[in-house]
file coords_24.cif (mmCIF, C-alpha atoms (C1' of nucleotides))
data_protein
#
loop_
_atom_site.label_atom_id
_atom_site.label_comp_id
_atom_site.auth_asym_id
_atom_site.auth_seq_id
_atom_site.Cartn_x
_atom_site.Cartn_y
_atom_site.Cartn_z
CA MET M 1469 -24.15 -58.11 18.43
CA VAL M 1470 -23.85 -54.91 16.47
CA ASN M 1471 -20.36 -53.79 15.82
CA ASP M 1472 -20.43 -50.07 16.43
CA SER M 1473 -16.71 -49.66 16.20
CA PRO M 1474 -15.54 -48.30 12.91
CA ARG M 1475 -13.33 -51.34 12.53
CA LEU M 1476 -14.73 -54.29 10.65
CA SER M 1477 -14.18 -58.00 11.09
CA ALA M 1478 -14.22 -60.79 8.55
CA GLN M 1479 -17.72 -61.70 9.74
CA ASP M 1480 -19.00 -58.27 8.81
CA TRP M 1481 -17.93 -58.99 5.28
CA THR M 1482 -19.48 -62.45 5.07
CA ARG M 1483 -22.73 -61.10 6.49
CA ALA M 1484 -22.77 -58.33 3.93
CA ALA M 1485 -21.99 -60.87 1.24
CA LEU M 1486 -24.95 -63.04 2.27
CA LYS M 1487 -27.23 -60.05 2.19
CA ALA M 1488 -25.99 -59.24 -1.28
CA ILE M 1489 -26.54 -62.83 -2.38
CA ALA M 1490 -30.06 -62.77 -0.98
CA ASP M 1491 -31.10 -60.07 -3.35
CA GLY M 1492 -28.86 -60.40 -6.33
CA GLY M 1493 -27.17 -63.76 -6.39
CA LEU M 1494 -23.46 -64.35 -6.59
CA ALA M 1495 -23.14 -61.66 -9.20
CA ALA M 1496 -24.06 -59.09 -6.58
CA VAL M 1497 -21.08 -60.01 -4.45
CA GLY M 1498 -18.49 -57.50 -5.51
CA VAL M 1499 -15.60 -56.26 -3.47
CA GLU M 1500 -15.98 -52.62 -4.28
CA PRO M 1501 -19.79 -52.49 -4.11
CA LEU M 1502 -19.75 -54.22 -0.72
CA ALA M 1503 -17.06 -51.86 0.48
CA ARG M 1504 -19.27 -48.95 -0.48
CA THR M 1505 -22.25 -50.26 1.46
CA LEU M 1506 -20.02 -50.93 4.43
CA GLY M 1507 -18.64 -47.43 4.28
CA VAL M 1508 -15.03 -48.38 3.68
CA THR M 1509 -12.80 -48.91 0.72
CA LYS M 1510 -11.65 -52.23 -0.59
CA GLY M 1511 -8.31 -51.77 1.09
CA SER M 1512 -10.07 -53.18 4.14
CA PHE M 1513 -11.35 -56.21 2.31
CA TYR M 1514 -7.98 -57.49 1.22
CA ALA M 1515 -6.83 -57.39 4.84
CA HIS M 1516 -9.44 -60.06 5.63
CA PHE M 1517 -9.62 -62.18 2.50
CA ARG M 1518 -7.18 -63.10 -0.20
CA ASN M 1519 -9.69 -62.55 -2.98
CA ARG M 1520 -13.36 -62.42 -3.90
CA ASP M 1521 -13.58 -66.18 -4.22
CA GLU M 1522 -12.53 -66.70 -0.65
CA LEU M 1523 -15.30 -64.40 0.53
CA ILE M 1524 -17.91 -66.29 -1.43
CA THR M 1525 -16.74 -69.62 -0.09
CA ALA M 1526 -16.77 -68.31 3.46
CA ALA M 1527 -20.23 -66.81 3.07
CA LEU M 1528 -21.66 -70.04 1.68
CA ALA M 1529 -20.08 -72.08 4.45
CA ASP M 1530 -21.57 -69.71 7.00
CA TRP M 1531 -24.93 -70.13 5.38
CA TRP M 1532 -25.25 -73.87 5.23
CA ARG M 1533 -23.85 -74.15 8.74
CA ASN M 1534 -26.73 -72.05 10.05
CA HIS M 1535 -29.42 -73.48 7.83
CA GLY M 1536 -28.59 -77.16 7.99
CA GLU M 1537 -29.07 -79.15 11.16
CA ALA M 1538 -28.48 -76.07 13.29
CA GLY M 1539 -31.68 -74.42 12.12
CA LEU M 1540 -33.65 -77.59 12.80
CA ALA M 1541 -32.65 -78.00 16.42
CA GLU M 1542 -35.65 -76.03 17.63
CA TYR M 1543 -38.05 -78.47 16.06
CA ALA M 1544 -36.02 -81.54 16.81
CA ALA M 1545 -36.78 -80.82 20.45
CA ILE M 1546 -40.48 -81.51 19.93
CA ALA M 1547 -41.11 -85.05 21.03
CA ASP M 1548 -44.41 -85.83 19.37
CA PRO M 1549 -43.77 -86.28 15.64
CA GLY M 1550 -47.27 -85.23 14.64
CA GLN M 1551 -47.08 -81.97 16.49
CA ARG M 1552 -43.54 -81.44 15.25
CA LEU M 1553 -44.71 -81.74 11.69
CA ARG M 1554 -47.68 -79.48 12.24
CA GLU M 1555 -45.58 -76.76 13.83
CA LEU M 1556 -43.05 -77.00 11.05
CA LEU M 1557 -45.71 -76.54 8.41
CA THR M 1558 -47.43 -73.62 10.08
CA ALA M 1559 -44.11 -71.95 10.80
CA VAL M 1560 -43.09 -72.28 7.20
CA VAL M 1561 -46.37 -71.07 5.80
CA ARG M 1562 -46.32 -68.12 8.14
CA SER M 1563 -42.71 -67.15 7.49
CA VAL M 1564 -43.32 -67.28 3.82
CA GLN M 1565 -45.31 -64.09 3.43
CA PRO M 1566 -42.91 -61.23 3.67
CA LEU M 1567 -40.69 -60.44 0.78
CA ALA M 1568 -37.75 -61.22 2.98
CA PRO M 1569 -35.07 -61.90 0.44
CA SER M 1570 -34.08 -65.52 0.54
CA VAL M 1571 -30.53 -66.71 0.06
CA HIS M 1572 -31.81 -70.13 -0.83
CA LEU M 1573 -33.85 -68.90 -3.76
CA SER M 1574 -31.21 -66.54 -5.03
CA LEU M 1575 -28.72 -69.35 -5.11
CA LEU M 1576 -30.86 -71.16 -7.67
CA GLY M 1577 -29.65 -68.75 -10.30
CA ASP M 1578 -26.08 -69.79 -9.60
CA ARG M 1579 -26.70 -73.50 -9.13
CA ASN M 1580 -24.02 -74.36 -11.66
CA ASP M 1581 -21.32 -73.08 -9.39
CA PRO M 1582 -19.97 -76.18 -7.62
CA ARG M 1583 -19.67 -74.39 -4.29
CA VAL M 1584 -23.30 -73.30 -4.50
CA LYS M 1585 -24.37 -76.79 -5.44
CA GLU M 1586 -22.55 -78.15 -2.45
CA ALA M 1587 -24.06 -75.68 -0.01
CA VAL M 1588 -27.62 -76.04 -1.25
CA SER M 1589 -27.27 -79.79 -1.34
CA ARG M 1590 -26.15 -79.91 2.28
CA VAL M 1591 -29.06 -77.82 3.49
CA ASN M 1592 -31.60 -79.75 1.49
CA GLN M 1593 -30.19 -83.06 2.65
CA ALA M 1594 -30.35 -82.11 6.31
CA ARG M 1595 -33.95 -81.02 5.99
CA LEU M 1596 -34.98 -84.04 3.99
CA ASN M 1597 -33.42 -86.36 6.52
CA PHE M 1598 -35.25 -84.58 9.29
CA LEU M 1599 -38.59 -84.83 7.58
CA THR M 1600 -38.02 -88.42 6.59
CA SER M 1601 -37.27 -89.55 10.12
CA THR M 1602 -40.29 -87.63 11.36
CA TYR M 1603 -42.51 -89.49 8.94
CA ARG M 1604 -40.94 -92.74 10.03
CA GLU M 1605 -41.75 -91.96 13.62
CA LEU M 1606 -45.30 -91.55 12.45
CA GLY M 1607 -45.27 -95.13 11.33
CA LEU M 1608 -44.62 -94.94 7.62
CA PRO M 1609 -42.37 -97.56 6.07
CA PRO M 1610 -38.93 -96.20 5.10
CA ASP M 1611 -39.40 -95.76 1.36
CA GLN M 1612 -42.84 -94.20 1.70
CA ALA M 1613 -41.52 -91.90 4.39
CA ALA M 1614 -38.72 -90.76 2.13
CA ASN M 1615 -41.03 -90.04 -0.77
CA ARG M 1616 -43.54 -88.25 1.34
CA ALA M 1617 -40.84 -86.14 2.96
CA ARG M 1618 -39.53 -85.30 -0.45
CA VAL M 1619 -42.87 -84.12 -1.74
CA ALA M 1620 -43.60 -82.23 1.46
CA TYR M 1621 -40.27 -80.44 1.40
CA ALA M 1622 -40.74 -79.70 -2.26
CA ALA M 1623 -44.06 -78.09 -1.45
CA ILE M 1624 -42.40 -75.95 1.19
CA LEU M 1625 -39.79 -74.77 -1.26
CA GLY M 1626 -42.41 -74.12 -3.90
CA LEU M 1627 -44.54 -72.06 -1.54
CA GLN M 1628 -41.55 -69.85 -0.96
CA HIS M 1629 -41.08 -69.54 -4.71
CA LEU M 1630 -44.66 -68.43 -5.09
CA ALA M 1631 -44.56 -66.05 -2.18
CA GLN M 1632 -41.58 -64.28 -3.66
CA THR M 1633 -43.03 -63.78 -7.08
CA GLU M 1634 -46.55 -62.76 -6.22
CA SER M 1635 -47.95 -59.68 -4.65
CA ASP M 1636 -51.22 -61.07 -3.34
CA SER M 1637 -50.81 -63.46 -0.46
CA PRO M 1638 -53.59 -65.93 0.17
CA SER M 1639 -54.85 -66.28 3.71
CA PRO M 1640 -52.07 -67.97 5.69
CA GLU M 1641 -54.42 -69.87 7.98
CA ALA M 1642 -56.35 -71.43 5.14
CA LEU M 1643 -53.13 -72.36 3.42
CA ALA M 1644 -51.69 -73.85 6.57
CA ASP M 1645 -54.86 -75.89 7.03
CA ALA M 1646 -54.68 -77.09 3.46
CA ALA M 1647 -51.03 -78.03 3.84
CA ALA M 1648 -51.70 -79.82 7.11
CA ALA M 1649 -54.59 -81.74 5.57
CA ILE M 1650 -52.34 -82.83 2.75
CA PHE M 1651 -49.13 -83.69 4.53
CA LEU M 1652 -50.28 -85.02 7.87
CA PRO M 1653 -50.91 -88.70 7.32
CA SER M 1654 -54.52 -89.65 7.68
CA MET E 549 -36.29 -75.42 -38.01
CA VAL E 550 -32.54 -75.16 -37.95
CA ASN E 551 -31.15 -72.09 -39.56
CA ASP E 552 -28.14 -73.33 -41.47
CA SER E 553 -27.57 -70.09 -43.28
CA PRO E 554 -24.77 -68.04 -41.85
CA ARG E 555 -27.20 -65.17 -41.36
CA LEU E 556 -28.98 -64.89 -38.05
CA SER E 557 -32.42 -63.60 -37.13
CA ALA E 558 -33.60 -61.86 -34.02
CA GLN E 559 -35.13 -65.15 -32.87
CA ASP E 560 -31.74 -66.81 -32.96
CA TRP E 561 -30.59 -64.24 -30.45
CA THR E 562 -33.56 -64.59 -28.13
CA ARG E 563 -33.21 -68.36 -28.20
CA ALA E 564 -29.55 -68.11 -27.32
CA ALA E 565 -30.41 -65.65 -24.58
CA LEU E 566 -32.93 -68.07 -23.07
CA LYS E 567 -30.39 -70.84 -23.13
CA ALA E 568 -27.94 -68.58 -21.37
CA ILE E 569 -30.55 -67.65 -18.78
CA ALA E 570 -31.31 -71.31 -18.20
CA ASP E 571 -27.84 -72.01 -16.98
CA GLY E 572 -26.58 -68.75 -15.62
CA GLY E 573 -29.40 -66.34 -14.98
CA LEU E 574 -29.67 -62.87 -16.38
CA ALA E 575 -26.04 -62.23 -15.62
CA ALA E 576 -25.11 -64.78 -18.26
CA VAL E 577 -26.86 -62.80 -20.97
CA GLY E 578 -24.04 -60.79 -22.45
CA VAL E 579 -23.82 -59.41 -25.91
CA GLU E 580 -20.28 -60.39 -26.60
CA PRO E 581 -20.40 -63.85 -24.96
CA LEU E 582 -23.56 -64.70 -26.89
CA ALA E 583 -22.00 -63.48 -30.09
CA ARG E 584 -19.08 -65.80 -29.48
CA THR E 585 -21.29 -68.83 -28.98
CA LEU E 586 -23.25 -67.91 -32.09
CA GLY E 587 -20.07 -67.59 -34.09
CA VAL E 588 -20.49 -63.95 -35.00
CA THR E 589 -19.43 -60.63 -33.60
CA LYS E 590 -21.59 -58.18 -31.73
CA GLY E 591 -21.90 -56.12 -34.86
CA SER E 592 -24.64 -58.56 -35.76
CA PHE E 593 -26.43 -58.09 -32.48
CA TYR E 594 -26.85 -54.36 -32.77
CA ALA E 595 -28.45 -54.87 -36.17
CA HIS E 596 -31.31 -56.70 -34.40
CA PHE E 597 -31.63 -55.00 -31.01
CA ARG E 598 -31.00 -51.54 -29.74
CA ASN E 599 -29.27 -52.74 -26.60
CA ARG E 600 -28.89 -55.60 -24.15
CA ASP E 601 -32.01 -54.64 -22.25
CA GLU E 602 -34.16 -55.03 -25.33
CA LEU E 603 -32.85 -58.56 -25.83
CA ILE E 604 -33.68 -59.53 -22.27
CA THR E 605 -37.17 -58.13 -22.53
CA ALA E 606 -37.76 -59.95 -25.80
CA ALA E 607 -36.43 -63.23 -24.44
CA LEU E 608 -38.63 -63.04 -21.35
CA ALA E 609 -41.69 -62.22 -23.43
CA ASP E 610 -40.93 -65.19 -25.64
CA TRP E 611 -40.64 -67.39 -22.61
CA TRP E 612 -43.85 -66.61 -20.81
CA ARG E 613 -45.73 -66.70 -24.07
CA ASN E 614 -44.67 -70.32 -24.59
CA HIS E 615 -44.95 -71.41 -20.98
CA GLY E 616 -48.21 -69.78 -20.00
CA GLU E 617 -51.49 -70.99 -21.36
CA ALA E 618 -49.85 -72.13 -24.57
CA GLY E 619 -47.93 -74.89 -22.80
CA LEU E 620 -51.05 -76.09 -21.06
CA ALA E 621 -53.14 -76.61 -24.17
CA GLU E 622 -52.07 -80.23 -24.48
CA TYR E 623 -53.48 -81.09 -21.07
CA ALA E 624 -56.49 -78.82 -21.34
CA ALA E 625 -57.65 -81.18 -24.09
CA ILE E 626 -58.06 -84.03 -21.62
CA ALA E 627 -61.71 -84.14 -20.70
CA ASP E 628 -61.63 -86.16 -17.49
CA PRO E 629 -60.20 -83.95 -14.72
CA GLY E 630 -58.88 -86.87 -12.71
CA GLN E 631 -56.93 -88.28 -15.61
CA ARG E 632 -55.79 -84.81 -16.56
CA LEU E 633 -54.31 -84.31 -13.13
CA ARG E 634 -52.68 -87.71 -13.08
CA GLU E 635 -51.04 -87.20 -16.45
CA LEU E 636 -49.83 -83.79 -15.41
CA LEU E 637 -48.20 -85.16 -12.29
CA THR E 638 -46.52 -88.08 -13.97
CA ALA E 639 -45.32 -85.90 -16.80
CA VAL E 640 -43.82 -83.46 -14.38
CA VAL E 641 -42.17 -86.07 -12.22
CA ARG E 642 -40.77 -87.74 -15.29
CA SER E 643 -39.48 -84.56 -16.90
CA VAL E 644 -37.80 -83.59 -13.69
CA GLN E 645 -34.92 -86.03 -13.79
CA PRO E 646 -32.48 -84.78 -16.33
CA LEU E 647 -30.33 -81.86 -15.47
CA ALA E 648 -32.02 -79.98 -18.23
CA PRO E 649 -31.36 -76.43 -17.24
CA SER E 650 -34.55 -74.68 -16.32
CA VAL E 651 -35.25 -71.08 -17.22
CA HIS E 652 -37.86 -70.94 -14.52
CA LEU E 653 -35.47 -71.82 -11.74
CA SER E 654 -32.73 -69.57 -12.97
CA LEU E 655 -35.13 -66.66 -13.08
CA LEU E 656 -35.79 -67.03 -9.38
CA GLY E 657 -32.28 -65.84 -8.81
CA ASP E 658 -33.11 -62.60 -10.57
CA ARG E 659 -36.57 -62.18 -9.12
CA ASN E 660 -35.85 -58.60 -8.13
CA ASP E 661 -35.81 -57.50 -11.73
CA PRO E 662 -39.33 -56.20 -12.41
CA ARG E 663 -39.42 -57.74 -15.88
CA VAL E 664 -38.52 -61.13 -14.46
CA LYS E 665 -41.13 -60.77 -11.75
CA GLU E 666 -43.72 -60.00 -14.38
CA ALA E 667 -42.83 -62.96 -16.57
CA VAL E 668 -42.66 -65.50 -13.76
CA SER E 669 -45.87 -64.18 -12.29
CA ARG E 670 -47.71 -64.62 -15.57
CA VAL E 671 -46.59 -68.21 -16.00
CA ASN E 672 -47.36 -69.13 -12.42
CA GLN E 673 -50.76 -67.52 -12.61
CA ALA E 674 -51.72 -69.39 -15.73
CA ARG E 675 -50.72 -72.71 -14.23
CA LEU E 676 -52.38 -72.01 -10.91
CA ASN E 677 -55.60 -71.11 -12.65
CA PHE E 678 -55.44 -74.30 -14.64
CA LEU E 679 -54.89 -76.48 -11.61
CA THR E 680 -57.54 -74.66 -9.62
CA SER E 681 -60.22 -75.17 -12.22
CA THR E 682 -59.22 -78.80 -12.53
CA TYR E 683 -59.70 -79.31 -8.81
CA ARG E 684 -63.03 -77.54 -9.05
CA GLU E 685 -64.12 -79.93 -11.75
CA LEU E 686 -63.26 -82.67 -9.32
CA GLY E 687 -65.85 -81.28 -6.96
CA LEU E 688 -63.86 -79.22 -4.50
CA PRO E 689 -65.34 -75.94 -3.28
CA PRO E 690 -63.61 -72.88 -4.78
CA ASP E 691 -61.40 -71.86 -1.86
CA GLN E 692 -60.28 -75.40 -1.11
CA ALA E 693 -59.56 -75.94 -4.78
CA ALA E 694 -57.39 -72.82 -4.87
CA ASN E 695 -55.39 -73.83 -1.83
CA ARG E 696 -54.93 -77.37 -2.98
CA ALA E 697 -53.83 -76.20 -6.41
CA ARG E 698 -51.38 -73.85 -4.79
CA VAL E 699 -49.79 -76.54 -2.67
CA ALA E 700 -49.72 -78.99 -5.56
CA TYR E 701 -48.07 -76.49 -7.87
CA ALA E 702 -45.64 -75.57 -5.13
CA ALA E 703 -44.70 -79.22 -4.83
CA ILE E 704 -44.07 -79.38 -8.56
CA LEU E 705 -41.78 -76.39 -8.43
CA GLY E 706 -39.99 -77.75 -5.41
CA LEU E 707 -39.42 -81.14 -7.01
CA GLN E 708 -37.73 -79.42 -9.91
CA HIS E 709 -35.68 -77.46 -7.46
CA LEU E 710 -34.54 -80.63 -5.72
CA ALA E 711 -33.83 -82.43 -8.96
CA GLN E 712 -31.50 -79.66 -10.01
CA THR E 713 -29.45 -79.59 -6.85
CA GLU E 714 -29.06 -83.28 -6.21
CA SER E 715 -27.14 -85.95 -7.97
CA ASP E 716 -29.06 -89.00 -6.84
CA SER E 717 -32.49 -89.27 -8.35
CA PRO E 718 -35.06 -91.29 -6.47
CA SER E 719 -37.08 -93.78 -8.44
CA PRO E 720 -39.46 -91.78 -10.62
CA GLU E 721 -42.28 -94.30 -10.46
CA ALA E 722 -42.32 -94.39 -6.69
CA LEU E 723 -42.24 -90.63 -6.56
CA ALA E 724 -45.05 -90.33 -9.08
CA ASP E 725 -47.11 -92.77 -7.05
CA ALA E 726 -46.45 -90.81 -3.89
CA ALA E 727 -47.37 -87.56 -5.56
CA ALA E 728 -50.53 -89.04 -7.02
CA ALA E 729 -51.53 -90.44 -3.65
CA ILE E 730 -51.06 -87.04 -2.11
CA PHE E 731 -52.59 -84.74 -4.68
CA LEU E 732 -55.39 -86.80 -6.13
CA PRO E 733 -58.37 -86.16 -3.87
CA SER E 734 -59.46 -89.21 -1.99
"C1'" DG T 761 6.50 -45.66 25.95
"C1'" DC T 762 7.70 -48.61 22.11
"C1'" DC T 763 6.79 -51.99 18.69
"C1'" DC T 764 4.01 -54.68 15.95
"C1'" DC T 765 -0.08 -56.24 14.08
"C1'" DT T 766 -4.53 -55.32 12.19
"C1'" DC T 767 -7.56 -52.44 9.65
"C1'" DA T 768 -8.10 -48.90 6.13
"C1'" DG T 769 -6.89 -45.34 2.24
"C1'" DT T 770 -4.83 -44.38 -2.28
"C1'" DA T 771 -3.10 -45.37 -6.61
"C1'" DC T 772 -2.18 -48.18 -10.46
"C1'" DG T 773 -2.59 -51.89 -14.09
"C1'" DG T 774 -5.43 -54.98 -16.34
"C1'" DC T 775 -9.57 -57.03 -18.22
"C1'" DA T 776 -14.26 -57.79 -19.80
"C1'" DG T 777 -18.28 -56.04 -21.31
"C1'" DC T 778 -21.48 -52.25 -23.37
"C1'" DG T 779 -22.41 -49.14 -26.90
"C1'" DT T 780 -21.11 -46.41 -31.30
"C1'" DA T 781 -19.28 -45.53 -35.83
"C1'" DT T 782 -18.31 -47.01 -40.14
"C1'" DG T 783 -17.76 -49.74 -43.97
"C1'" DG T 784 -18.17 -54.20 -46.44
"C1'" DA T 785 -20.90 -58.12 -47.87
"C1'" DT T 786 -25.08 -60.53 -49.23
"C1'" DA T 787 -29.87 -61.08 -50.56
"C1'" DC T 788 -33.82 -59.51 -52.99
"C1'" DG T 789 -37.29 -56.66 -55.61
"C1'" DG T 790 -37.72 -54.01 -59.65
"C1'" DC A 863 -28.38 -55.25 -63.41
"C1'" DC A 864 -29.02 -51.77 -59.90
"C1'" DG A 865 -30.45 -50.03 -55.55
"C1'" DT A 866 -31.81 -50.76 -51.02
"C1'" DA A 867 -32.26 -53.12 -46.81
"C1'" DT A 868 -30.38 -56.41 -43.84
"C1'" DC A 869 -26.69 -58.71 -41.69
"C1'" DC A 870 -21.92 -58.76 -40.13
"C1'" DA A 871 -16.80 -57.31 -39.14
"C1'" DT A 872 -13.60 -54.16 -37.26
"C1'" DA A 873 -12.08 -50.60 -34.40
"C1'" DC A 874 -12.61 -47.42 -30.74
"C1'" DG A 875 -13.91 -45.14 -26.23
"C1'" DC A 876 -15.84 -45.82 -21.89
"C1'" DT A 877 -17.10 -47.89 -17.43
"C1'" DG A 878 -16.96 -51.08 -13.58
"C1'" DC A 879 -14.62 -54.29 -11.21
"C1'" DC A 880 -10.59 -57.31 -9.66
"C1'" DG A 881 -6.17 -57.64 -7.75
"C1'" DT A 882 -1.59 -55.64 -6.09
"C1'" DA A 883 1.52 -52.44 -3.95
"C1'" DC A 884 2.41 -49.19 -0.87
"C1'" DT A 885 1.40 -46.11 2.90
"C1'" DG A 886 -0.85 -44.57 7.09
"C1'" DA A 887 -3.35 -44.77 11.50
"C1'" DG A 888 -4.70 -46.86 15.66
"C1'" DG A 889 -4.63 -50.17 19.63
"C1'" DG A 890 -2.74 -53.79 22.73
"C1'" DG A 891 1.15 -56.60 24.74
"C1'" DC A 892 5.74 -56.12 26.55
#
call {"tool": "encode", "arguments": {"input": "coords_24.cif", "output": "structure tokens"}}
result
Amino acid sequence: MVNDSPRLSAQDWTRAALKAIADGGLAAVGVEPLARTLGVTKGSFYAHFRNRDELITAALADWWRNHGEAGLAEYAAIADPGQRLRELLTAVVRSVQPLAPSVHLSLLGDRNDPRVKEAVSRVNQARLNFLTSTYRELGLPPDQAANRARVAYAAILGLQHLAQTESDSPSPEALADAAAAIFLPS
Amino acid sequence: MVNDSPRLSAQDWTRAALKAIADGGLAAVGVEPLARTLGVTKGSFYAHFRNRDELITAALADWWRNHGEAGLAEYAAIADPGQRLRELLTAVVRSVQPLAPSVHLSLLGDRNDPRVKEAVSRVNQARLNFLTSTYRELGLPPDQAANRARVAYAAILGLQHLAQTESDSPSPEALADAAAAIFLPS
DNA sequence: GCCCCTCAGTACGGCAGCGTATGGATACGG
DNA sequence: CCGTATCCATACGCTGCCGTACTGAGGGGC
């Protein structure tokens, strides 16, 4: 997967752009800065993209493609909805600890950009739909399922917020238990 | 409260800076752009601040001062913890609808800046403490109260997140009911 | 082996924003 | 009415970044 040849592809640029977004937002996506980190000059960039805007659009498209339904496939394979939900929660709570820079959170600062809005909206929608149908499988009526999914997903997002802005991380097991107790229907 | 005199104060600049942060992040805080929106030139700015950094620091300090414990005073006055929690939830769910730009969310995009980290951390800590003690008053043991407060606050943050990136707003009453059912201890 | 296409280097123009210098205007206390 | 401090305008240099033009080097199909 690693491109050891000195030649770069367009994907190398979109990947670098996403990394830049993850820890600096759209403002951190600059042609010349990226070229420096990639070890080339911007002459290379303009062989792959027409301008900076095109790179941003490509990077965002890449992102929501991998974080929409694609990223949910693993869990969609779990037949039992209760277990599916439990594994989702624990996975989220566990993955939340490290200060792994998150594209999703960084994009909040640029949520006025229509392309960003579109991308974030797609990802959120896919996840909300997934959670909603899971709750429906658990027997909740449609509207209740939708609301519960919404609050549950909101909690997931919020936990990531908190994890990114705090140094002390509370015990993950206890938190997972608390989350499970709250979001698994009685 | 409105300063109709043509002369500006330092507070006018910090307020403008916060507004800029709310819908563009730190990157949107520029001396010359702000001067344009305020109808003056940057000559005015450098009469109040030594540089752009000082403005940002002042604006952030202003923000967490008003959104930390100060903003919670209104609810701290409610004696009954159950009612306090309910009013908090409904107020949050209600205030979430409009696309009122949120400083808090925008700051997440710049969470790598140490000053931003500090400010956001202070506000979150104050709110978490408040929620935790409320849950304790409701009879939960300390560790459970802390975890429950954490998840509840996370849900609040996440709901704001969702409200900002979606066009369709689900019925606020239903959502408030769902949230209350979830976060008010049985 | 030759050509062509892709990737990369160099150089230039342009623009926006930061910071400084300086002087003018306005308010206010004495 | 005068002096001083505060607020504001103008002009300038500087830096970082975008975008374009042109050139060069290397590899694969024929």
call {"tool": "resolve_selection", "arguments": {"input": "coords_24.cif", "expression": "the PyMOL selection byres ((chain T) within 12 of (chain M))", "output": "list of chain:residue names"}}
result
T:DC765, T:DT766, T:DC767, T:DA768, T:DG769, T:DT770, T:DA771
call {"tool": "atom_distance", "arguments": {"input": "coords_24.cif", "atom1": "atom CA of Ile626 of chain E", "atom2": "atom CA of Ala728 of chain E"}}
result
17.2 Å
call {"tool": "resolve_selection", "arguments": {"input": "coords_24.cif", "expression": "the PyMOL selection byres ((chain A) within 7 of (chain E))", "output": "VMD selection string"}}
result
chain A and resid 869 to 871
call {"tool": "write_last_selection", "arguments": {"input": "coords_24.cif", "atoms": "C-alpha atoms (C1' of nucleotides)", "output": "PDB file, keeping the file's coordinate frame"}}
result
ATOM      1  C1'  DC A 869     -26.690 -58.710 -41.690  1.00  0.00           C
ATOM      2  C1'  DC A 870     -21.920 -58.760 -40.130  1.00  0.00           C
ATOM      3  C1'  DA A 871     -16.800 -57.310 -39.140  1.00  0.00           C
TER       4       DA A 871
END
call {"tool": "closest_atom_pairs", "arguments": {"input": "coords_24.cif", "of": "chain E", "to": "chain M", "cutoff": "6 Å", "atoms": "all atoms listed in the file", "output": "tab-separated table"}}
result
residue	atom	partner	partner_atom	distance
E:Gly573	CA	M:Gly1577	CA	5.3
E:Ser654	CA	M:Gly1577	CA	4.2
E:Gly657	CA	M:Ser1574	CA	4.0
E:Lys665	CA	M:Thr1633	CA	5.9
E:Ser669	CA	M:Thr1633	CA	5.9
E:Asn695	CA	M:Leu1643	CA	5.9
E:Ala702	CA	M:Gly1626	CA	3.7
E:Ala703	CA	M:Ala1623	CA	3.6
E:Leu705	CA	M:Gly1626	CA	5.1
E:Gly706	CA	M:Ala1622	CA	3.8
E:Leu707	CA	M:Ala1622	CA	5.1
E:Thr713	CA	M:Ser1589	CA	5.9
E:Leu723	CA	M:Asn1615	CA	5.9
call {"tool": "axis_aligned_box", "arguments": {"input": "coords_24.cif", "around": "segment 711-727 of chain E", "padding_each_side": "6 Å", "output": "AutoDock Vina command-line options"}}
result
--center_x -37.3 --center_y -87.0 --center_z -7.3 --size_x 32.2 --size_y 26.8 --size_z 18.7
call {"tool": "atom_distance", "arguments": {"input": "coords_24.cif", "atom1": "atom CA of Pro581 of chain E", "atom2": "atom CA of Arg600 of chain E"}}
result
11.9 Å
call {"tool": "atom_distance", "arguments": {"input": "coords_24.cif", "atom1": "atom CA of His615 of chain E", "atom2": "atom CA of Asn599 of chain E"}}
result
25.0 Å
call {"tool": "closest_residue", "arguments": {"input": "coords_24.cif", "among": "M:Arg1504, M:Arg1583, M:Arg1552, M:Arg1483", "to": "Phe1598 of chain M", "atoms": "only C-alpha atoms"}}
result
M:Arg1552
call {"tool": "resolve_selection", "arguments": {"input": "coords_24.cif", "expression": "the PyMOL selection byres ((chain A and resi 877) around 10)", "output": "NGL selection string"}}
result
(:T and (777-778)) or (:A and (875-876 or 878-879))
call {"tool": "closest_residue", "arguments": {"input": "coords_24.cif", "among": "M:Thr1558, M:Trp1531, M:Ala1526, M:Glu1605", "to": "Pro1640 of chain M", "atoms": "only C-alpha atoms"}}
result
M:Thr1558
call {"tool": "closest_residue", "arguments": {"input": "coords_24.cif", "among": "M:Ala1594, M:Thr1602, M:Ala1527, M:Thr1505", "to": "Ala1547 of chain M", "atoms": "all atoms listed in the file"}}
result
M:Thr1602
call {"tool": "residues_around", "arguments": {"input": "coords_24.cif", "residues": "DC764 of chain T", "least_positions_apart": "5", "cutoff": "12 Å", "atoms": "only C-alpha atoms (C1' of nucleotides)", "output": "ChimeraX atom specification"}}
result
/A:888-892
call {"tool": "closest_residue", "arguments": {"input": "coords_24.cif", "among": "M:Trp1532, M:Trp1481, M:Tyr1543, M:Tyr1603", "to": "Ala1617 of chain M", "atoms": "only C-alpha atoms"}}
result
M:Tyr1603
call {"tool": "decode", "arguments": {"input": "coords_24.cif", "residues": "segment 778-788 of chain T", "atoms": "C-alpha atoms (C1' of nucleotides)", "output": "compact mmCIF listing (two decimals), in the first residue's frame"}}
result
# COMPACT_ATOMS: atom_id res chain seq x y z
C1' DC T 778 0.21 41.23 9.41
C1' DG T 779 2.74 44.69 11.56
C1' DT T 780 4.91 49.56 11.80
C1' DA T 781 5.27 54.49 11.37
C1' DT T 782 3.28 58.69 11.45
C1' DG T 783 0.09 62.19 11.71
C1' DG T 784 -4.69 63.91 12.32
C1' DA T 785 -8.94 64.05 14.93
C1' DT T 786 -11.77 63.89 19.06
C1' DA T 787 -12.81 63.74 23.95
C1' DC T 788 -11.84 65.12 28.55
